[in-house]
Each structure stands twice: as structure tokens, then as C-alpha cells.
Amino acid sequence: MHTPGMIALELQGTLEFNRTLVLVLDLCGTFAFAVSGATAGVRQRLDLFGVLVLSFAASTFGGISRDVLIGATPPAAFQDWRYLAVAMAAGMIAFYWSTLVERLRNPVRMLDAVGLAFFAVAGTQKALVFGLSPVMAALMGMLTGIGGGMARDILLAQVPAVLRADLYAVAALAGAVIVVTGNMLEAPVLVSAGIGGLVCFGLRMSALRWGWQLPMARGPQPPDGGGKR
Amino acid sequence: MHTPGMIALELQGTLEFNRTLVLVLDLCGTFAFAVSGATAGVRQRLDLFGVLVLSFAASTFGGISRDVLIGATPPAAFQDWRYLAVAMAAGMIAFYWSTLVERLRNPVRMLDAVGLAFFAVAGTQKALVFGLSPVMAALMGMLTGIGGGMARDILLAQVPAVLRADLYAVAALAGAVIVVTGNMLEAPVLVSAGIGGLVCFGLRMSALRWGWQLPMARGPQPPDGGGKR
Amino acid sequence: MHTPGMIALELQGTLEFNRTLVLVLDLCGTFAFAVSGATAGVRQRLDLFGVLVLSFAASTFGGISRDVLIGATPPAAFQDWRYLAVAMAAGMIAFYWSTLVERLRNPVRMLDAVGLAFFAVAGTQKALVFGLSPVMAALMGMLTGIGGGMARDILLAQVPAVLRADLYAVAALAGAVIVVTGNMLEAPVLVSAGIGGLVCFGLRMSALRWGWQLPMARGPQPPDGGGKR
């Protein structure tokens with residue numbers, strides 16, 4: 001059995017470790033989403049600054065909305081210069097080597113899946129550290145994962161891909177649920193975060209490769225009437 | 001005349017009652033807006049998860065932005081599982097019985113009006129409880145009422161209906177002003193909230209039925225050039 | 001050399017002065033952006049209330065997002081009735097004298113530049129007062145400057161002009177950097193704010209007049225394919 005002192009020490013250690021884990025996952029996700037956002041900006045032929053703005057927005061909006069919603073202001077993206085630096089670096093790479101980036105097979109989608117997995121796990125972890133209930137922490141993790149991509153698409157005046165794409169939000173939610181479950185079972189954070197991230201990435205990539213889809217509404221309108229009202 | 005002790009007791013009772021009223025109105029509005037959001041998503045042929053995301057966003061975004069703006073984080077929608085449950089239930093209904101829902105006469109618009117009335121009243125009430133000035137509380141109530149519909153339309157890459165529709169925001173504002181006025185006149189909360197909600201709903205439905213409109217700008221462009229620049 | 005007591009007195013004076021400066025710059029920027037937003041709304045043939053909503057959103061969203069991000073809730077726009085009054089007045093002017101406003105040469109763009117300069121300087125100043133680091137304060141100033149215009153464009157379902165326009169965000173960032181630099185060099189606030197605002201306005205207007213542009217991505221798609229995916 002734990003004495004109160006031991007629990008306090010362990011809690012401190014866990015919090016310390018959690019914070020480091022959250023930072024590392026956040027920075028990796030930031031890079032992936034920034035490239036994804038910048039690439040979408042390049043495709044729309046924005047100028048250099050537009051691409052960088054899109055890069056920053058796409059890579060940090062999920063985390064920013066998470067931090068604003070749980071009351072952790074100013075958001076990590078504005079307190080830590082590393083998020084800005086990573087997003088700018090990724091944006092420059094995507095801008096100046098856009099032809100190379102485009103040539104790689106579906107680079108945007110794959111990087112998107114990487115960012116989705118990292119952000120869903122990191123977002124869930126941070127929400128748990130801030131004391132949200134398991135269900136809401138999983139929801140917050142999913143929102144962290146899909147928020148950046150939604151900001152990217154809304155800024156380009158498009159319906160967010162997450163609302164139509166194959167198992168996109170479901171993959172994020174699956175990763176988030178695994179992290180939450182691991183937390184309830186008191187499993188090591190690294191293990192549950194690793195499994196959660198891999199499951200999320202695997203689900204998303206499998207959905208892309210084998211065309212896994214959720215049921216689509218049988219609306220009264222023909223498919224070609226669905227694009228614009 | 002009231003003694004300080006009586007005032008404190010009454011204040012406590014009023015706050016307690018206000019909180020219950022706010023919760024009930026919020027949940028009713030959540031259901032109505034969730035169906036409205038989900039129906040719009042079904043029309044755009046989103047997949048199941050997209051419809052549920054739209055359902056949650058449309059039903060909670062007004063309240064979430066209100067809570068973020070008045071500093072009540074985490075927003076009620078992330079603290080109380082009932083908002084999520086109600087939104088998901090409404091989304092599932094709209095998804096699986098979309099043909100039935102569509103057949104009803106203008107269901108989206110009517111449910112929208114119900115949600116608008118509930119949210120405008122509840123949002124104003126909560127802003128008053130949090131100590132905002134009357135003018136700002138009314139504005140916050142209107143924003144609570146129109147925020148969900150705006151999020152729904154923006155997510156579908158459309159100009160929010162509230163910016164064009166007949167007396168939409170005006171109806172929300174009218175309801176909010178009645179709640180604020182009742183609060184200043186120290187009328188019972190239930191009375192002013194009831195009247196405010198009915199006036200808002202009545203105004204919106206009348207505007208739809210009889211085509212009441214606010215003056216529209218006489219812009220220099222022909223009407224057919226207004227859709228897209 | 002300053003004694004601690006002198007520094008405290010000076011700091012108090014500076015804070016007091018900063019607050020007044022922030023308010024005046026905010027109100028001027030609010031007016032300019034409100035006219036800009038309302039004019040865009042009139043062009044899209046919104047109704048009166050839609051124009052006023054767009055006017056308020058366009059003029060206050062930059063400041064609101066700044067205040068939410070630095071944790072200064074409720075945002076100044078909801079605490080001080082003057083922002084609302086200025087935005088409504090500007091919206092009414094743009095609505096009822098739209099033909100006149102339209103006849104002036106590129107009124108939207110010039111007012112946009114005025115607002116951009118005021119908001120970038122005021123936003124940076126407020127972020128500095130709230131203790132953000134220089135780099136983040138400059139970023140926050142830029143976001144304050146471009147946030148209103150982005151909200152205006154997103155509400156009209158368009159790709160924000162800031163992502164494509166000639167030195168738009170760069171002009172805001174230049175003004176913000178001058179304010180931050182002046183703050184680090186301990187220059188008088190009025191001087192650095194004045195220079196920063198003029199540089200921002202000058203850069204934006206020069207970019208419009210002489211067509212200064214940032215490099216645009218050489219995407220793999222032809223220019224005509226860039227509008228819609």
C-alpha cells in the first residue's frame with residue numbers, strides 16, 4: 001500500500017513525466033500538421049506568408065482550442081517558442097520544396113494521419129492531467145486531433161475533410177479512448193500513449209488503403225446535389 | 001423591506017433556481033439545435049461521424065463560445081455528459097430517420113426557432129448570473145442563440161443563414177432583452193424567461209410565415225452578383 | 001539610476017498611460033474594421049442585422065481572440081459598451097450610405113489598412129502589458145490585426161484575404177515588431193506605437209499601390225485550378 005508521502009512523490013513524478021511526454025508529442029504533431037496545412041496552402045497558391053499563417057493555424061489550432069476550453073491560457077503554442085519555430089520550419093520546407101512534397105505518394109494524407117495520432121494522444125493526456133473526466137478527456141483528445149485540420153479546411157473555405165473522410169475522427173477517438181482506458185487501469189503512460197497512437201495511425205491508414213467507411217446518410221437528394229446548396 | 005439575511009437566502013434560492021432553469025433550457029436547446037445541425041449534415045451527405053460532429057458543434061457552439069467569453073471554463077458542454085448524450089441522441093435520430101425528418105414541413109427551420117428561443121433565454125440568464133451588465137448580457141444571449149447555427153453553416157462552408165435570414169438575430173435579441181428587462185424589474189425568472197422565449201419563437205416563426213424582413217442594403221451590384229465574389 | 005520607488009511610480013504611470021493608449025487605439029481600429037466588415041456585408045447583400053453582426057464580428061474578433069488567448073475574459077469588447085456603440089455606428093453608416101462609401105476609391109482596402117495598423121499596435125501593446133514574451137507579443141499583435149478581417153471573410157465563406165494579399169500580415173507583423181523593439185529599448189510608448197502604426201499602414205498601402213508581393217508557391221497545378229478543389 002502507498003503512504004500519502006509516496007503518493008505525492010509518485011504523482012509529482014507522473015506529472016513531470018506527463019508534461020515531457022505532452023511536449024514531445026505536441027511538437028511532433030505540430031510538425032506533421034504544419035506540413036499538411038502548408039501543403040494545402042501551396043495547392044491553393046497562397047503567398048509565402050499565407051502558407052506560413054496556414055501552417056501555424058493548422059498545426060496549433062487543435063491544441064489552442066483544447067487549451068482555451070480547459071482554461072489553460074495562454075495556450076502552450078503562445079508560451080513556448082518551439083511550437084512557432086517548428087511550424088515555421090515545416091511551412092518553409094513545404095513552400096520551397098512543394099514539388100518534391102507533392103511527388104511523394106499522398107504526402108498530405110499520411111502526414112495528416114501522423115499528426116492525428118500524435119495530437120489525439122497528447123490532447124487526451126493533457127486533458128487528463130488537467131482533471132477532466134474520462135469521457136470528456138477522450139472527446140478533448142479527439143477535438144485536439146481534428147481541430148487543426150478543421151481550421152485548415154475552414155480557412156480555405158472548404159467543408160472540413162473530417163466530416164466526410166473515412167474513419168478520420170473515429171481513428172482519433174479510438175486512440176483517445178485507449179489512452180483514457182490505460183489511465184483508468186493505471187497502465188504506464190508511455191505504453192497506453194504508444195498503443196493509442198499506433199491504433200489511431202493504423203486505423204486511419206487502413207481506412208485510406210482499404211476504403212473503410214462509416215455509413216453515409218441516405219439523404220433525399222441525389223449525390224450530385226450534395227456539394228452546394 | 002428585506003433584511004440582509006433574507007436577501008442572502010433569497011439570492012441563494014434564486015441562484016439555485018437559475019442554475020436549474022439554465023440547465024433545463026440548455027438541454028432542450030441542445031436537442032433542437034443538434035437535430036437542426038445533423039439534418040443539415042445529412043443533406044450534405046456527410047458520413048455518420050461527420051453528422052454527429054456537426055450535431056455536437058451546432059448544438060453546443062453557442063454555449064461554448066458564451067462560456068469561453070465569460071471565462072466559465074471548461075464550458076458546461078464539456079463538464080456535463082448530458083449535453084453530449086442529448087446531442088448524440090438527436091444526431092442519431094436525424095441520421096437514421098432522415099427521410100422522415102425531411103418529410104415534415106420545414107423541420108430544420110422550426111427546430112432552429114425552438115433552439116434559438118431556448119438558447120437566447122438561457123444564454124442571457126447565465127450571463128446575468130455571471131454578473132455581466134444588462135446590455136452585454138442581452139448581446140451574449142443573442143450570441144448564444146445564433147452561435148450554434150453559425151458554426152453549423154461555417155462548417156458546411158456556407159454564409160451563415162443568420163446574416164441573411166428574416167428577423168433571425170432580431171428574434172434572439174428580442175427574447176434576450178425581455179429576460180434582461182424582467183431581471184431589472186425583479187420579475188420572477190420563470191415568467192420573464194417564458195415570455196422572452198415565446199416572443200423569440202413567435203417572432204421567428206412569424207417572420208418565416210409572413211416573410212417579415214429587415215431592410216436589405218441597396219448595394220451597387222445586381223442581386224445575382226451577390227452569391228459569390 | 002532609478003531607485004525601486006521611482007521605478008514603481010514610473011511603472012504605474014506607464015501602465016496607466018498604456019491602458020489609455022490601448023483603449024484609444026482599440027476604438028479607432030474598431031471603427032475602421034467595422035466599416036470594412038459592414039461594407040463587405042453590404043456587397044453580399046446581407047440584411048441590416050446581418051450587416052451589423054458582420055460589422056461587430058469584423059471589428060472585435062481580433063481583439064476578442066487576443067483577450068481569450070491571453071486569458072483576459074470577459075474580452076474588452078464585452079466589458080466596455082463603447083466598442084459595441086462604435087461598431088454599430090460604423091455599421092449603420094456603411095449600411096445607409098453604402099453607395100457613397102462604395103464610390104470612394106477602394107474604401108474597404110484603405111480602411112482595412114487603417115484598422116490593421118491600429119489593431120497590430122494596440123494588440124502588441126496589450127500583450128506586452130499582460131507580460132507575454134516579445135516574440136509572442138508581436139505574434140499576438142499580428143493576430144489582433146488580421147483576426148477581424150479573417151472573421152469577416154470566413155463569415156462570408158471566402159478564403160481570408162490575408163492568406164493571399166500583398167504584404168497584409170507582413171505589414172501587421174512589421175508594426176508589431178517595432179512596438180516590441182521600442183519596448184525593449186525602453187523608448188516612449190507613444191513614439192514606438194506611432195512609428196509602428198505608420199510603418200504598418202505605409203507598408204500595406206505601398207503594397208497595394210505598387211503591387212508588392214511575397215513570393216507565391218509554384219504549385220504543381222495550373223493557376224486556374226487553384227480556386228476550388
# chains A, B, ... in the order shown; residues from 1 in each chain; ligands from 1
call {"tool": "closest_atom_pairs", "arguments": {"of": "chain C", "to": "chain B", "cutoff": "7 Å", "atoms": "only C-alpha atoms", "output": "Markdown table"}}
result
| residue | atom | partner | partner_atom | distance |
| --- | --- | --- | --- | --- |
| C:Val42 | CA | B:Ala217 | CA | 5.5 |
| C:Arg43 | CA | B:Gly219 | CA | 5.7 |
| C:Gln44 | CA | B:Gly226 | CA | 4.8 |
| C:Arg45 | CA | B:Ala217 | CA | 5.7 |
| C:Leu46 | CA | B:Arg164 | CA | 5.1 |
| C:Asp47 | CA | B:Met216 | CA | 4.1 |
| C:Leu48 | CA | B:Pro215 | CA | 5.8 |
| C:Phe49 | CA | B:Leu163 | CA | 6.9 |
| C:Gly50 | CA | B:Leu163 | CA | 3.8 |
| C:Val68 | CA | B:Leu69 | CA | 6.9 |
| C:Thr73 | CA | B:Gly71 | CA | 5.3 |
| C:Pro74 | CA | B:Ile70 | CA | 4.7 |
| C:Pro75 | CA | B:Leu69 | CA | 6.6 |
| C:Phe78 | CA | B:Met136 | CA | 6.0 |
| C:Phe95 | CA | B:Ala217 | CA | 6.1 |
| C:Ser98 | CA | B:Gly219 | CA | 6.6 |
| C:Thr99 | CA | B:Pro220 | CA | 6.4 |
| C:Leu155 | CA | B:Val159 | CA | 5.8 |
| C:Leu156 | CA | B:Val159 | CA | 5.0 |
| C:Ala157 | CA | B:Val159 | CA | 5.3 |
call {"tool": "select_by_dssp", "arguments": {"residues": "segment 136-168 of chain A", "states": "helix (DSSP H, G or I)", "output": "list in words"}}
result
Met136, Ala137, Ala138, Leu139, Met140, Gly141, Met142, Leu143, Thr144, Gly145, Ile146, Gly147, Gly148, Gly149, Met150, Ala151, Arg152, Asp153, Ile154, Leu155, Ala161, Val162, Leu163 and Tyr168 of chain A
call {"tool": "atom_distance", "arguments": {"atom1": "atom CA of Leu54 of chain B", "atom2": "atom CA of Thr181 of chain A"}}
result
25.9 Å
call {"tool": "atom_distance", "arguments": {"atom1": "atom CA of Ala193 of chain B", "atom2": "atom CA of Val35 of chain B"}}
result
23.0 Å
